[in-house]
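Just query_9.pdb here, PDB, C-alpha atoms, pLDDT in the B column:
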```
MODEL        1
ATOM      1  CA  MET A1379      10.983  31.303  -3.508  1.00 54.00           C
ATOM      2  CA  THR A1380      10.552  27.672  -4.546  1.00 60.00           C
ATOM      3  CA  THR A1381       8.313  27.060  -7.558  1.00 68.00           C
ATOM      4  CA  PRO A1382       5.758  24.289  -6.891  1.00 73.00           C
ATOM      5  CA  ASP A1383       6.313  21.121  -8.916  1.00 83.00           C
ATOM      6  CA  PRO A1384       3.528  21.083 -11.537  1.00 88.00           C
ATOM      7  CA  ARG A1385       3.730  17.332 -12.095  1.00 95.00           C
ATOM      8  CA  PRO A1386       0.803  15.349 -10.695  1.00 98.00           C
ATOM      9  CA  ILE A1387       0.651  12.952  -7.782  1.00 98.00           C
ATOM     10  CA  GLY A1388      -0.196   9.373  -8.737  1.00 98.00           C
ATOM     11  CA  ILE A1389      -2.884   7.851  -6.503  1.00 98.00           C
ATOM     12  CA  ILE A1390      -3.188   4.072  -6.793  1.00 98.00           C
ATOM     13  CA  CYS A1391      -5.840   1.736  -5.399  1.00 97.00           C
ATOM     14  CA  ALA A1392      -6.432  -1.925  -6.197  1.00 97.00           C
ATOM     15  CA  ILE A1393     -10.192  -2.325  -5.800  1.00 94.00           C
ATOM     16  CA  PRO A1394     -13.373  -0.217  -6.006  1.00 92.00           C
ATOM     17  CA  GLU A1395     -13.855  -0.192  -2.219  1.00 90.00           C
ATOM     18  CA  GLU A1396     -10.501   1.588  -1.857  1.00 92.00           C
ATOM     19  CA  ILE A1397     -10.832   4.178  -4.591  1.00 94.00           C
ATOM     20  CA  ALA A1398     -14.405   5.142  -3.655  1.00 92.00           C
ATOM     21  CA  HIS A1399     -13.275   7.157  -0.627  1.00 91.00           C
ATOM     22  CA  PHE A1400     -11.464   9.774  -2.725  1.00 94.00           C
ATOM     23  CA  GLY A1401     -14.713  10.951  -4.306  1.00 88.00           C
ATOM     24  CA  ALA A1402     -15.280  13.939  -2.039  1.00 87.00           C
ATOM     25  CA  HIS A1403     -11.646  15.068  -2.379  1.00 94.00           C
ATOM     26  CA  PHE A1404     -11.087  14.534  -6.091  1.00 96.00           C
ATOM     27  CA  ARG A1405     -12.374  16.794  -8.884  1.00 96.00           C
ATOM     28  CA  GLU A1406     -12.049  14.988 -12.196  1.00 96.00           C
ATOM     29  CA  GLU A1407     -11.002  17.010 -15.240  1.00 97.00           C
ATOM     30  CA  GLY A1408     -10.537  14.217 -17.772  1.00 97.00           C
ATOM     31  CA  ALA A1409      -9.779  10.539 -18.170  1.00 97.00           C
ATOM     32  CA  ASP A1410      -7.641   8.325 -20.372  1.00 98.00           C
ATOM     33  CA  THR A1411      -7.975   4.587 -20.811  1.00 98.00           C
ATOM     34  CA  VAL A1412      -4.613   2.907 -21.365  1.00 98.00           C
ATOM     35  CA  ALA A1413      -4.108  -0.879 -21.459  1.00 97.00           C
ATOM     36  CA  GLY A1414      -7.595  -1.270 -20.043  1.00 97.00           C
ATOM     37  CA  PHE A1415      -6.958   0.959 -17.009  1.00 98.00           C
ATOM     38  CA  ALA A1416      -8.896   4.209 -16.488  1.00 98.00           C
ATOM     39  CA  PHE A1417      -6.550   7.042 -15.468  1.00 98.00           C
ATOM     40  CA  ARG A1418      -8.624   9.914 -14.077  1.00 97.00           C
ATOM     41  CA  ARG A1419      -6.890  13.311 -14.247  1.00 98.00           C
ATOM     42  CA  GLY A1420      -7.866  16.159 -11.967  1.00 97.00           C
ATOM     43  CA  GLN A1421      -7.350  17.848  -8.604  1.00 97.00           C
ATOM     44  CA  LEU A1422      -7.025  16.132  -5.229  1.00 96.00           C
ATOM     45  CA  ASP A1423      -7.799  18.819  -2.662  1.00 95.00           C
ATOM     46  CA  GLY A1424      -6.431  21.387  -5.104  1.00 94.00           C
ATOM     47  CA  ARG A1425      -3.315  19.454  -6.140  1.00 95.00           C
ATOM     48  CA  ALA A1426      -2.799  17.944  -9.574  1.00 97.00           C
ATOM     49  CA  ALA A1427      -3.353  14.205  -9.389  1.00 98.00           C
ATOM     50  CA  VAL A1428      -4.026  11.111 -11.464  1.00 98.00           C
ATOM     51  CA  VAL A1429      -6.198   8.481  -9.769  1.00 98.00           C
ATOM     52  CA  VAL A1430      -6.311   4.891 -11.005  1.00 98.00           C
ATOM     53  CA  GLU A1431      -7.668   1.497  -9.944  1.00 97.00           C
ATOM     54  CA  THR A1432      -5.190  -1.281 -10.735  1.00 97.00           C
ATOM     55  CA  GLY A1433      -7.066  -4.454  -9.998  1.00 97.00           C
ATOM     56  CA  ILE A1434      -5.401  -7.045  -7.811  1.00 97.00           C
ATOM     57  CA  GLY A1435      -1.852  -8.368  -7.987  1.00 98.00           C
ATOM     58  CA  LYS A1436       1.733  -7.393  -8.704  1.00 98.00           C
ATOM     59  CA  VAL A1437       1.567  -7.403 -12.507  1.00 98.00           C
ATOM     60  CA  ASN A1438      -1.402  -5.027 -12.538  1.00 98.00           C
ATOM     61  CA  ALA A1439       0.302  -2.782  -9.991  1.00 98.00           C
ATOM     62  CA  ALA A1440       3.600  -2.702 -11.901  1.00 98.00           C
ATOM     63  CA  THR A1441       1.841  -1.923 -15.179  1.00 98.00           C
ATOM     64  CA  VAL A1442      -0.088   0.972 -13.689  1.00 98.00           C
ATOM     65  CA  ALA A1443       2.949   2.349 -11.852  1.00 98.00           C
ATOM     66  CA  THR A1444       4.954   2.330 -15.089  1.00 98.00           C
ATOM     67  CA  LEU A1445       2.199   4.126 -16.999  1.00 98.00           C
ATOM     68  CA  LEU A1446       1.815   6.761 -14.267  1.00 98.00           C
ATOM     69  CA  LEU A1447       5.515   7.530 -14.505  1.00 98.00           C
ATOM     70  CA  GLU A1448       5.987   7.227 -18.270  1.00 98.00           C
ATOM     71  CA  ARG A1449       2.769   8.640 -19.660  1.00 97.00           C
ATOM     72  CA  PHE A1450       1.533  10.950 -16.912  1.00 98.00           C
ATOM     73  CA  ARG A1451       4.924  12.004 -15.503  1.00 98.00           C
ATOM     74  CA  CYS A1452       3.837  11.642 -11.879  1.00 98.00           C
ATOM     75  CA  ARG A1453       6.333  12.969  -9.353  1.00 97.00           C
ATOM     76  CA  VAL A1454       5.372  10.587  -6.528  1.00 98.00           C
ATOM     77  CA  LEU A1455       3.248   7.436  -6.205  1.00 98.00           C
ATOM     78  CA  LEU A1456       0.860   6.976  -3.283  1.00 98.00           C
ATOM     79  CA  PHE A1457      -0.909   3.671  -2.726  1.00 98.00           C
ATOM     80  CA  SER A1458      -4.060   3.698  -0.612  1.00 97.00           C
ATOM     81  CA  GLY A1459      -5.661   0.428   0.356  1.00 95.00           C
ATOM     82  CA  VAL A1460      -6.280  -2.399   2.778  1.00 95.00           C
ATOM     83  CA  ALA A1461      -4.182  -5.329   3.939  1.00 95.00           C
ATOM     84  CA  GLY A1462      -4.136  -8.367   6.179  1.00 94.00           C
ATOM     85  CA  GLY A1463      -2.581  -7.893   9.596  1.00 94.00           C
ATOM     86  CA  LEU A1464       0.426  -9.999  10.607  1.00 96.00           C
ATOM     87  CA  ASP A1465       1.553  -8.308  13.815  1.00 96.00           C
ATOM     88  CA  PRO A1466      -0.531  -9.718  16.707  1.00 94.00           C
ATOM     89  CA  ASP A1467      -0.290  -6.322  18.407  1.00 94.00           C
ATOM     90  CA  LEU A1468      -2.511  -4.779  15.700  1.00 94.00           C
ATOM     91  CA  GLY A1469      -6.235  -5.087  15.100  1.00 89.00           C
ATOM     92  CA  VAL A1470      -8.730  -4.564  12.308  1.00 88.00           C
ATOM     93  CA  GLY A1471      -8.810  -0.889  11.350  1.00 89.00           C
ATOM     94  CA  ASP A1472      -5.257  -0.049  12.397  1.00 93.00           C
ATOM     95  CA  VAL A1473      -3.152   1.596   9.684  1.00 96.00           C
ATOM     96  CA  VAL A1474       0.358   0.598   8.630  1.00 98.00           C
ATOM     97  CA  VAL A1475       2.559   3.007   6.673  1.00 98.00           C
ATOM     98  CA  ALA A1476       5.297   1.007   4.937  1.00 98.00           C
ATOM     99  CA  ASP A1477       8.843   2.045   5.781  1.00 98.00           C
ATOM    100  CA  ASN A1478       9.969  -1.062   3.892  1.00 98.00           C
ATOM    101  CA  LEU A1479       8.310  -3.312   1.311  1.00 98.00           C
ATOM    102  CA  VAL A1480       9.311  -6.936   0.708  1.00 98.00           C
ATOM    103  CA  GLN A1481       8.036  -9.253  -2.025  1.00 97.00           C
ATOM    104  CA  HIS A1482       7.852 -12.385   0.100  1.00 96.00           C
ATOM    105  CA  ASP A1483       7.011 -14.753  -2.766  1.00 95.00           C
ATOM    106  CA  TYR A1484      10.068 -14.047  -4.949  1.00 95.00           C
ATOM    107  CA  GLY A1485      13.005 -16.403  -4.518  1.00 92.00           C
ATOM    108  CA  ALA A1486      13.958 -20.051  -4.494  1.00 91.00           C
ATOM    109  CA  VAL A1487      12.065 -23.040  -3.127  1.00 91.00           C
ATOM    110  CA  PHE A1488      14.489 -24.723  -0.721  1.00 86.00           C
ATOM    111  CA  ARG A1489      13.512 -27.664   1.478  1.00 85.00           C
ATOM    112  CA  GLY A1490       9.846 -26.988   0.924  1.00 86.00           C
ATOM    113  CA  GLU A1491       9.942 -23.267   1.734  1.00 86.00           C
ATOM    114  CA  VAL A1492      10.498 -20.077  -0.243  1.00 89.00           C
ATOM    115  CA  LYS A1493      13.838 -18.440   0.439  1.00 90.00           C
ATOM    116  CA  THR A1494      13.276 -14.797  -0.433  1.00 93.00           C
ATOM    117  CA  TYR A1495      15.627 -12.857  -2.689  1.00 92.00           C
ATOM    118  CA  GLN A1496      15.436  -9.323  -4.083  1.00 93.00           C
ATOM    119  CA  PRO A1497      13.214  -9.331  -7.206  1.00 93.00           C
ATOM    120  CA  GLY A1498      15.316  -9.419 -10.340  1.00 91.00           C
ATOM    121  CA  ASN A1499      18.294 -11.039  -8.631  1.00 89.00           C
ATOM    122  CA  PHE A1500      19.124 -14.618  -9.530  1.00 88.00           C
ATOM    123  CA  PRO A1501      17.837 -16.758  -6.618  1.00 89.00           C
ATOM    124  CA  MET A1502      20.802 -19.078  -6.163  1.00 86.00           C
ATOM    125  CA  PRO A1503      22.920 -19.993  -3.116  1.00 83.00           C
ATOM    126  CA  GLY A1504      25.975 -17.818  -2.679  1.00 81.00           C
ATOM    127  CA  LEU A1505      24.356 -14.770  -4.277  1.00 79.00           C
ATOM    128  CA  PRO A1506      23.180 -11.705  -2.288  1.00 77.00           C
ATOM    129  CA  GLU A1507      20.099 -12.372  -0.173  1.00 76.00           C
ATOM    130  CA  ASP A1508      19.311  -8.790   0.856  1.00 79.00           C
ATOM    131  CA  HIS A1509      15.749  -7.870   0.024  1.00 88.00           C
ATOM    132  CA  GLY A1510      13.270  -5.067   0.438  1.00 96.00           C
ATOM    133  CA  TYR A1511      12.519  -1.550  -0.780  1.00 97.00           C
ATOM    134  CA  PRO A1512      12.961   0.986   2.035  1.00 97.00           C
ATOM    135  CA  MET A1513      11.128   4.280   1.837  1.00 97.00           C
ATOM    136  CA  ASP A1514      13.249   7.336   1.152  1.00 95.00           C
ATOM    137  CA  ARG A1515      14.429   8.492   4.592  1.00 95.00           C
ATOM    138  CA  ALA A1516      13.718  12.195   4.044  1.00 96.00           C
ATOM    139  CA  LEU A1517      10.236  11.381   2.767  1.00 96.00           C
ATOM    140  CA  LEU A1518       9.599   9.097   5.738  1.00 97.00           C
ATOM    141  CA  ASP A1519      10.490  11.959   8.068  1.00 97.00           C
ATOM    142  CA  LYS A1520       7.991  14.179   6.227  1.00 96.00           C
ATOM    143  CA  VAL A1521       5.308  11.526   6.496  1.00 97.00           C
ATOM    144  CA  ARG A1522       5.906  11.053  10.205  1.00 97.00           C
ATOM    145  CA  GLY A1523       5.681  14.788  10.765  1.00 97.00           C
ATOM    146  CA  ALA A1524       2.452  15.084   8.785  1.00 96.00           C
ATOM    147  CA  LEU A1525       0.807  12.214  10.645  1.00 96.00           C
ATOM    148  CA  ASP A1526       2.062  13.048  14.112  1.00 95.00           C
ATOM    149  CA  GLY A1527      -0.970  13.315  16.354  1.00 89.00           C
ATOM    150  CA  ILE A1528      -3.458  12.451  13.611  1.00 92.00           C
ATOM    151  CA  ASP A1529      -6.809  11.548  15.093  1.00 88.00           C
ATOM    152  CA  LEU A1530      -8.675   9.062  12.931  1.00 89.00           C
ATOM    153  CA  PRO A1531     -12.411   8.644  13.497  1.00 85.00           C
ATOM    154  CA  PRO A1532     -13.271   5.843  15.919  1.00 85.00           C
ATOM    155  CA  LEU A1533     -14.381   2.539  14.475  1.00 77.00           C
ATOM    156  CA  SER A1534     -17.636   1.098  15.713  1.00 73.00           C
ATOM    157  CA  ALA A1535     -17.870  -2.385  17.205  1.00 73.00           C
ATOM    158  CA  ALA A1536     -19.603  -3.440  13.994  1.00 69.00           C
ATOM    159  CA  ALA A1537     -16.682  -2.150  11.947  1.00 62.00           C
ATOM    160  CA  THR A1538     -13.981  -3.884  13.997  1.00 63.00           C
ATOM    161  CA  GLY A1539     -15.795  -7.094  14.812  1.00 62.00           C
ATOM    162  CA  GLY A1540     -15.018  -6.479  18.487  1.00 68.00           C
ATOM    163  CA  GLU A1541     -15.048  -3.389  20.701  1.00 73.00           C
ATOM    164  CA  ALA A1542     -15.346   0.143  19.371  1.00 76.00           C
ATOM    165  CA  ARG A1543     -11.926   1.821  19.303  1.00 79.00           C
ATOM    166  CA  ARG A1544      -9.809   4.444  17.603  1.00 86.00           C
ATOM    167  CA  PRO A1545      -7.407   3.147  14.914  1.00 91.00           C
ATOM    168  CA  ARG A1546      -3.676   3.387  15.438  1.00 93.00           C
ATOM    169  CA  VAL A1547      -1.153   4.544  12.830  1.00 96.00           C
ATOM    170  CA  VAL A1548       2.106   2.599  12.888  1.00 97.00           C
ATOM    171  CA  TYR A1549       5.157   2.153  10.655  1.00 98.00           C
ATOM    172  CA  GLY A1550       6.922  -1.019   9.614  1.00 98.00           C
ATOM    173  CA  THR A1551       7.569  -3.651   6.978  1.00 98.00           C
ATOM    174  CA  ILE A1552       4.706  -4.613   4.683  1.00 98.00           C
ATOM    175  CA  LEU A1553       4.916  -7.798   2.628  1.00 98.00           C
ATOM    176  CA  THR A1554       3.662  -8.175  -0.941  1.00 98.00           C
ATOM    177  CA  GLY A1555       2.806 -11.435  -2.677  1.00 97.00           C
ATOM    178  CA  ASP A1556       0.383 -12.817  -5.221  1.00 97.00           C
ATOM    179  CA  GLN A1557      -1.696 -14.645  -2.643  1.00 93.00           C
ATOM    180  CA  PHE A1558      -4.548 -13.659  -0.324  1.00 89.00           C
ATOM    181  CA  VAL A1559      -3.375 -14.976   3.050  1.00 92.00           C
ATOM    182  CA  ASN A1560      -6.153 -16.998   4.693  1.00 88.00           C
ATOM    183  CA  CYS A1561      -4.023 -19.237   6.910  1.00 92.00           C
ATOM    184  CA  GLU A1562      -2.943 -19.007  10.555  1.00 91.00           C
ATOM    185  CA  SER A1563       0.326 -20.901  10.096  1.00 92.00           C
ATOM    186  CA  THR A1564       1.317 -18.749   7.111  1.00 93.00           C
ATOM    187  CA  ARG A1565       0.485 -15.601   9.041  1.00 93.00           C
ATOM    188  CA  THR A1566       2.711 -16.732  11.903  1.00 95.00           C
ATOM    189  CA  ARG A1567       5.522 -17.756   9.557  1.00 94.00           C
ATOM    190  CA  LEU A1568       5.501 -14.426   7.688  1.00 95.00           C
ATOM    191  CA  PHE A1569       5.454 -12.393  10.885  1.00 96.00           C
ATOM    192  CA  THR A1570       8.267 -14.423  12.422  1.00 96.00           C
ATOM    193  CA  ARG A1571      10.415 -14.524   9.285  1.00 94.00           C
ATOM    194  CA  PHE A1572      10.154 -10.842   8.299  1.00 96.00           C
ATOM    195  CA  ASP A1573       8.978  -9.072  11.479  1.00 96.00           C
ATOM    196  CA  ALA A1574       6.343  -7.582   9.175  1.00 97.00           C
ATOM    197  CA  ARG A1575       3.168  -5.839  10.250  1.00 97.00           C
ATOM    198  CA  ALA A1576       0.905  -6.480   7.241  1.00 97.00           C
ATOM    199  CA  VAL A1577       0.620  -8.396   3.980  1.00 97.00           C
ATOM    200  CA  GLU A1578      -0.954  -7.334   0.680  1.00 97.00           C
ATOM    201  CA  MET A1579      -0.704  -7.944  -3.070  1.00 97.00           C
ATOM    202  CA  GLU A1580       0.557  -4.785  -4.843  1.00 98.00           C
ATOM    203  CA  GLY A1581       2.785  -2.424  -2.867  1.00 98.00           C
ATOM    204  CA  GLY A1582       6.135  -4.140  -3.408  1.00 98.00           C
ATOM    205  CA  ALA A1583       5.636  -4.071  -7.178  1.00 98.00           C
ATOM    206  CA  VAL A1584       4.904  -0.329  -7.089  1.00 98.00           C
ATOM    207  CA  ALA A1585       8.073   0.229  -5.070  1.00 98.00           C
ATOM    208  CA  GLN A1586      10.132  -1.891  -7.482  1.00 98.00           C
ATOM    209  CA  VAL A1587       9.013   0.203 -10.461  1.00 98.00           C
ATOM    210  CA  ALA A1588       9.383   3.494  -8.590  1.00 98.00           C
ATOM    211  CA  GLU A1589      12.934   2.619  -7.585  1.00 97.00           C
ATOM    212  CA  LYS A1590      13.880   1.999 -11.224  1.00 97.00           C
ATOM    213  CA  TYR A1591      12.625   5.494 -12.092  1.00 98.00           C
ATOM    214  CA  GLY A1592      14.123   7.156  -9.045  1.00 97.00           C
ATOM    215  CA  THR A1593      10.629   8.227  -7.954  1.00 98.00           C
ATOM    216  CA  PRO A1594       9.474   8.374  -4.322  1.00 97.00           C
ATOM    217  CA  TRP A1595       6.549   6.268  -3.126  1.00 98.00           C
ATOM    218  CA  VAL A1596       4.278   5.951  -0.097  1.00 98.00           C
ATOM    219  CA  VAL A1597       2.174   2.867   0.663  1.00 98.00           C
ATOM    220  CA  VAL A1598      -0.621   3.176   3.248  1.00 98.00           C
ATOM    221  CA  ARG A1599      -2.564   0.085   4.279  1.00 97.00           C
ATOM    222  CA  ALA A1600      -5.421  -0.168   6.776  1.00 94.00           C
ATOM    223  CA  LEU A1601      -6.110  -3.641   8.136  1.00 93.00           C
ATOM    224  CA  SER A1602      -9.318  -5.172   6.800  1.00 87.00           C
ATOM    225  CA  ASP A1603      -8.567  -8.611   8.277  1.00 84.00           C
ATOM    226  CA  LEU A1604      -5.891 -10.438  10.241  1.00 83.00           C
ATOM    227  CA  ALA A1605      -4.682 -12.817   7.500  1.00 72.00           C
ATOM    228  CA  GLY A1606      -5.801 -15.875   9.469  1.00 70.00           C
ATOM    229  CA  GLN A1607      -8.398 -18.574   9.067  1.00 66.00           C
ATOM    230  CA  ASP A1608     -11.270 -16.049   9.212  1.00 66.00           C
ATOM    231  CA  SER A1609      -9.793 -13.473   6.816  1.00 56.00           C
ATOM    232  CA  HIS A1610     -12.088 -14.535   3.976  1.00 56.00           C
ATOM    233  CA  MET A1611     -15.049 -13.560   6.159  1.00 51.00           C
ATOM    234  CA  ASP A1612     -13.506 -10.492   7.803  1.00 63.00           C
ATOM    235  CA  PHE A1613     -12.371  -8.844   4.563  1.00 68.00           C
ATOM    236  CA  PRO A1614     -15.828  -8.191   3.045  1.00 70.00           C
ATOM    237  CA  SER A1615     -17.151  -7.105   6.440  1.00 66.00           C
ATOM    238  CA  PHE A1616     -14.490  -4.526   7.237  1.00 78.00           C
ATOM    239  CA  VAL A1617     -12.986  -3.465   3.896  1.00 83.00           C
ATOM    240  CA  HIS A1618     -15.042  -0.258   3.563  1.00 82.00           C
ATOM    241  CA  ALA A1619     -14.205   1.095   7.028  1.00 84.00           C
ATOM    242  CA  ALA A1620     -10.529   0.213   6.653  1.00 86.00           C
ATOM    243  CA  ALA A1621     -10.257   1.725   3.174  1.00 90.00           C
ATOM    244  CA  GLU A1622     -11.752   4.992   4.416  1.00 90.00           C
ATOM    245  CA  SER A1623      -8.993   5.349   7.036  1.00 91.00           C
ATOM    246  CA  ALA A1624      -6.270   4.725   4.452  1.00 94.00           C
ATOM    247  CA  ALA A1625      -7.769   7.302   2.081  1.00 94.00           C
ATOM    248  CA  ARG A1626      -7.948   9.926   4.845  1.00 94.00           C
ATOM    249  CA  ILE A1627      -4.253   9.513   5.516  1.00 96.00           C
ATOM    250  CA  VAL A1628      -3.279   9.592   1.830  1.00 96.00           C
ATOM    251  CA  CYS A1629      -5.260  12.813   1.325  1.00 95.00           C
ATOM    252  CA  ARG A1630      -3.361  14.350   4.231  1.00 95.00           C
ATOM    253  CA  LEU A1631      -0.019  13.195   2.858  1.00 96.00           C
ATOM    254  CA  ALA A1632      -0.783  14.592  -0.597  1.00 93.00           C
ATOM    255  CA  GLY A1633      -0.059  18.012   0.862  1.00 89.00           C
ATOM    256  CA  VAL A1634       3.489  17.194   1.964  1.00 91.00           C
ATOM    257  CA  VAL A1635       4.967  14.793  -0.603  1.00 89.00           C
TER     258      VAL A1635
ENDMDL
END
```
Give the structure from the file, written as structure tokens.
Amino acid sequence: MTTPDPRPIGIICAIPEEIAHFGAHFREEGADTVAGFAFRRGQLDGRAAVVVETGIGKVNAATVATLLLERFRCRVLLFSGVAGGLDPDLGVGDVVVADNLVQHDYGAVFRGEVKTYQPGNFPMPGLPEDHGYPMDRALLDKVRGALDGIDLPPLSAAATGGEARRPRVVYGTILTGDQFVNCESTRTRLFTRFDARAVEMEGGAVAQVAEKYGTPWVVVRALSDLAGQDSHMDFPSFVHAAAESAARIVCRLAGVV
């Protein structure tokens, strides 16, 4: 008989709208403030967990991920949040589970564009240009099995900004960078260059830290906007509904990771 791993799950969100949806599932037992971040210890649907809000950006995310692994000894990191959509086949409310994370803003500026390299590698011609953090294959299989046939609540027309519909759950590359994408040409360029489905500001940094520690990670992002010229208006309108979908999925995955 296998003994359950007593180490907690680390649940990471960037903003209050994302972390709020764990309230009904999380029973807090204590809290520690470290480096200005509040790490809430307790039970997520009966499983030991530490829940923390990072704030926005890669440095915040990397700091929190390191503390979760060093100080709280978390056995897996799960990020729950929202993102901008890049894939034109997806709409507001759809959910992307990252099977690969790429930091699109790390590299060398060459002929007016960023040539992406793996973070930490020297960004010079002639050196390796492979980039990305793929999810552990066995864990990805577990995630797919857990989410197979999941039926997320339908989103109202008010929540999607269009017609009422049921969100989809898809898998693919998610990009991370220290910019909020509010530009049609950039959205098109990122989708074309990386064949990515969404863009956000923290996940790739979490994966980079987790890889150094040999710790598995899962990043779940529901689309709050489509990263185009209207994203600055769409985000505040749809962030709550999108964040709720991401949190539902993370709570379900907490039972299998």
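Applied to this file, the PyMOL selection byres ((chain A and resi 1428) around 6) selects the residues Gly1388, Arg1418, Arg1419, Ala1427 and Val1429 of chain A.
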*Find, counting all atoms listed in the file, the residue in A:Val1628, A:Thr1593, A:Cys1391, A:Arg1599 that gets nearest to Gly1550 (chain A).*
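Of the candidates, the smallest distance to Gly1550 (chain A) is held by A:Arg1599.
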Which region 1439-1476 of chain A residues have any atom within 9 Å of an atom of region 1544-1549 of chain A, and for each, what is the nearest pair of atoms with distance in Å to one decimal, counting all atoms listed in the file, rows sorted by chain and number, as a Markdown table?
```
| residue | atom | partner | partner_atom | distance |
| --- | --- | --- | --- | --- |
| A:Leu1468 | CA | A:Arg1546 | CA | 8.3 |
| A:Gly1469 | CA | A:Pro1545 | CA | 8.3 |
| A:Val1470 | CA | A:Pro1545 | CA | 8.2 |
| A:Gly1471 | CA | A:Pro1545 | CA | 5.6 |
| A:Asp1472 | CA | A:Pro1545 | CA | 4.6 |
| A:Val1473 | CA | A:Val1547 | CA | 4.8 |
| A:Val1474 | CA | A:Val1548 | CA | 5.0 |
| A:Val1475 | CA | A:Tyr1549 | CA | 4.8 |
| A:Ala1476 | CA | A:Tyr1549 | CA | 5.8 |
```
Quick one: residues within 8 Å of Leu1631 (chain A), all atoms listed in the file, excluding same-chain residues fewer than 5 positions away - as a PDB file with C-alpha atoms, in the coordinates of the input?
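Everything below was put into part-v9.pdb:
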```pdb
ATOM      1  CA  VAL A1521       5.308  11.526   6.496  1.00 97.00           C
ATOM      2  CA  ALA A1524       2.452  15.084   8.785  1.00 96.00           C
ATOM      3  CA  LEU A1525       0.807  12.214  10.645  1.00 96.00           C
TER       4      LEU A1525
END
```
*Interatomic distance (Å, one decimal) between CA of Gln1481 (chain A) and CA of Gly1555 (chain A)*: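 Result for CA of Gln1481 (chain A) versus CA of Gly1555 (chain A): 5.7 Å, one decimal.
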*Just so the selection is clear, what residues does the PyMOL selection byres ((chain A and resi 1493-1504) around 10) cover here, as JSON, numbers by chain?*
{"A": [1480, 1481, 1482, 1483, 1484, 1485, 1486, 1487, 1488, 1489, 1490, 1491, 1492, 1505, 1506, 1507, 1508, 1509, 1510, 1511, 1582, 1583, 1586]}
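The residue that comes closest to Gly1633 (chain A), out of A:Ala1398, A:Ala1416, A:Ala1409, A:Val1454 and on the basis of all atoms listed in the file, is A:Val1454.
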Each residue of region 1587-1634 of chain A with at least one atom at most 10 Å from region 1526-1533 of chain A should appear once, together with its nearest atom pair and the corresponding distance in Å (one decimal); atoms considered: all atoms listed in the file; ordering: chain, then increasing residue number; output as a tab-separated table.
```
residue	atom	partner	partner_atom	distance
A:Ala1619	CA	A:Leu1533	CA	7.6
A:Ala1620	CA	A:Leu1533	CA	9.0
A:Glu1622	CA	A:Pro1531	CA	9.8
A:Ser1623	CA	A:Leu1530	CA	7.0
A:Ala1624	CA	A:Leu1530	CA	9.8
A:Arg1626	CA	A:Leu1530	CA	8.2
A:Ile1627	CA	A:Leu1530	CA	8.6
A:Arg1630	CA	A:Ile1528	CA	9.6
```
*asked:* When you count only C-alpha atoms, which of these residues is closest to Ala1413 (chain A): A:Val1597, A:Leu1445, A:Ala1585, A:Ile1393?
replied: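 Ranking A:Val1597, A:Leu1445, A:Ala1585, A:Ile1393 by distance to Ala1413 (chain A), first place goes to A:Leu1445.
Of note, CA of Leu1446 (chain A) and CA of His1399 (chain A) are spaced 20.3 Å apart.
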_Evaluate the PyMOL selection byres ((chain A and resi 1575) around 7) and report residues as an NGL selection string_ = :A and (1463-1465 or 1550-1552 or 1569 or 1573-1574 or 1576)
*Spatial neighbours of Ala1392 (chain A), 6 Å, all atoms listed in the file, chain gap at least 6 places, as an MDAnalysis selection string*: chainID A and resid 1431:1434
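In this model, the gap between CA of Phe1457 (chain A) and CA of Arg1567 (chain A) comes to 25.5 Å.
Among the candidates A:Gly1424, A:Gly1459, A:Pro1384, A:Gly1414, the residue lying nearest to Val1617 (chain A) is A:Gly1459 (atoms considered: only C-alpha atoms).
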*Given the choices A:Leu1604, A:Ala1516, A:Val1430, A:Ala1632, which gets closest to Cys1561 (chain A) if the distance is worked out from only C-alpha atoms?*
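For Cys1561 (chain A), the nearest of the candidates is A:Leu1604.
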*Taking only C-alpha atoms into account, which of A:Glu1580, A:Val1634, A:Met1513, A:Asn1560 comes nearest Ile1390 (chain A)?*
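Using only C-alpha atoms, Ile1390 (chain A) sits closest to A:Glu1580.
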Centre and edge lengths of an axis-aligned box around all listed atoms of region 1543-1558 of chain A, with 5 Å added on each side, are to be given in Å to one decimal, as lines of an AutoDock Vina configuration file.
```
center_x = -2.2
center_y = -5.1
center_z = 7.0
size_x = 29.5
size_y = 29.2
size_z = 34.5
```
*Which polymer residues have any atom within 9 Å of an atom of Asp1423 (chain A), counting all atoms listed in the file, with same-chain residues fewer than 6 positions away left out, as number ranges by chain?*
A: 1402-1405, 1629, 1632-1633
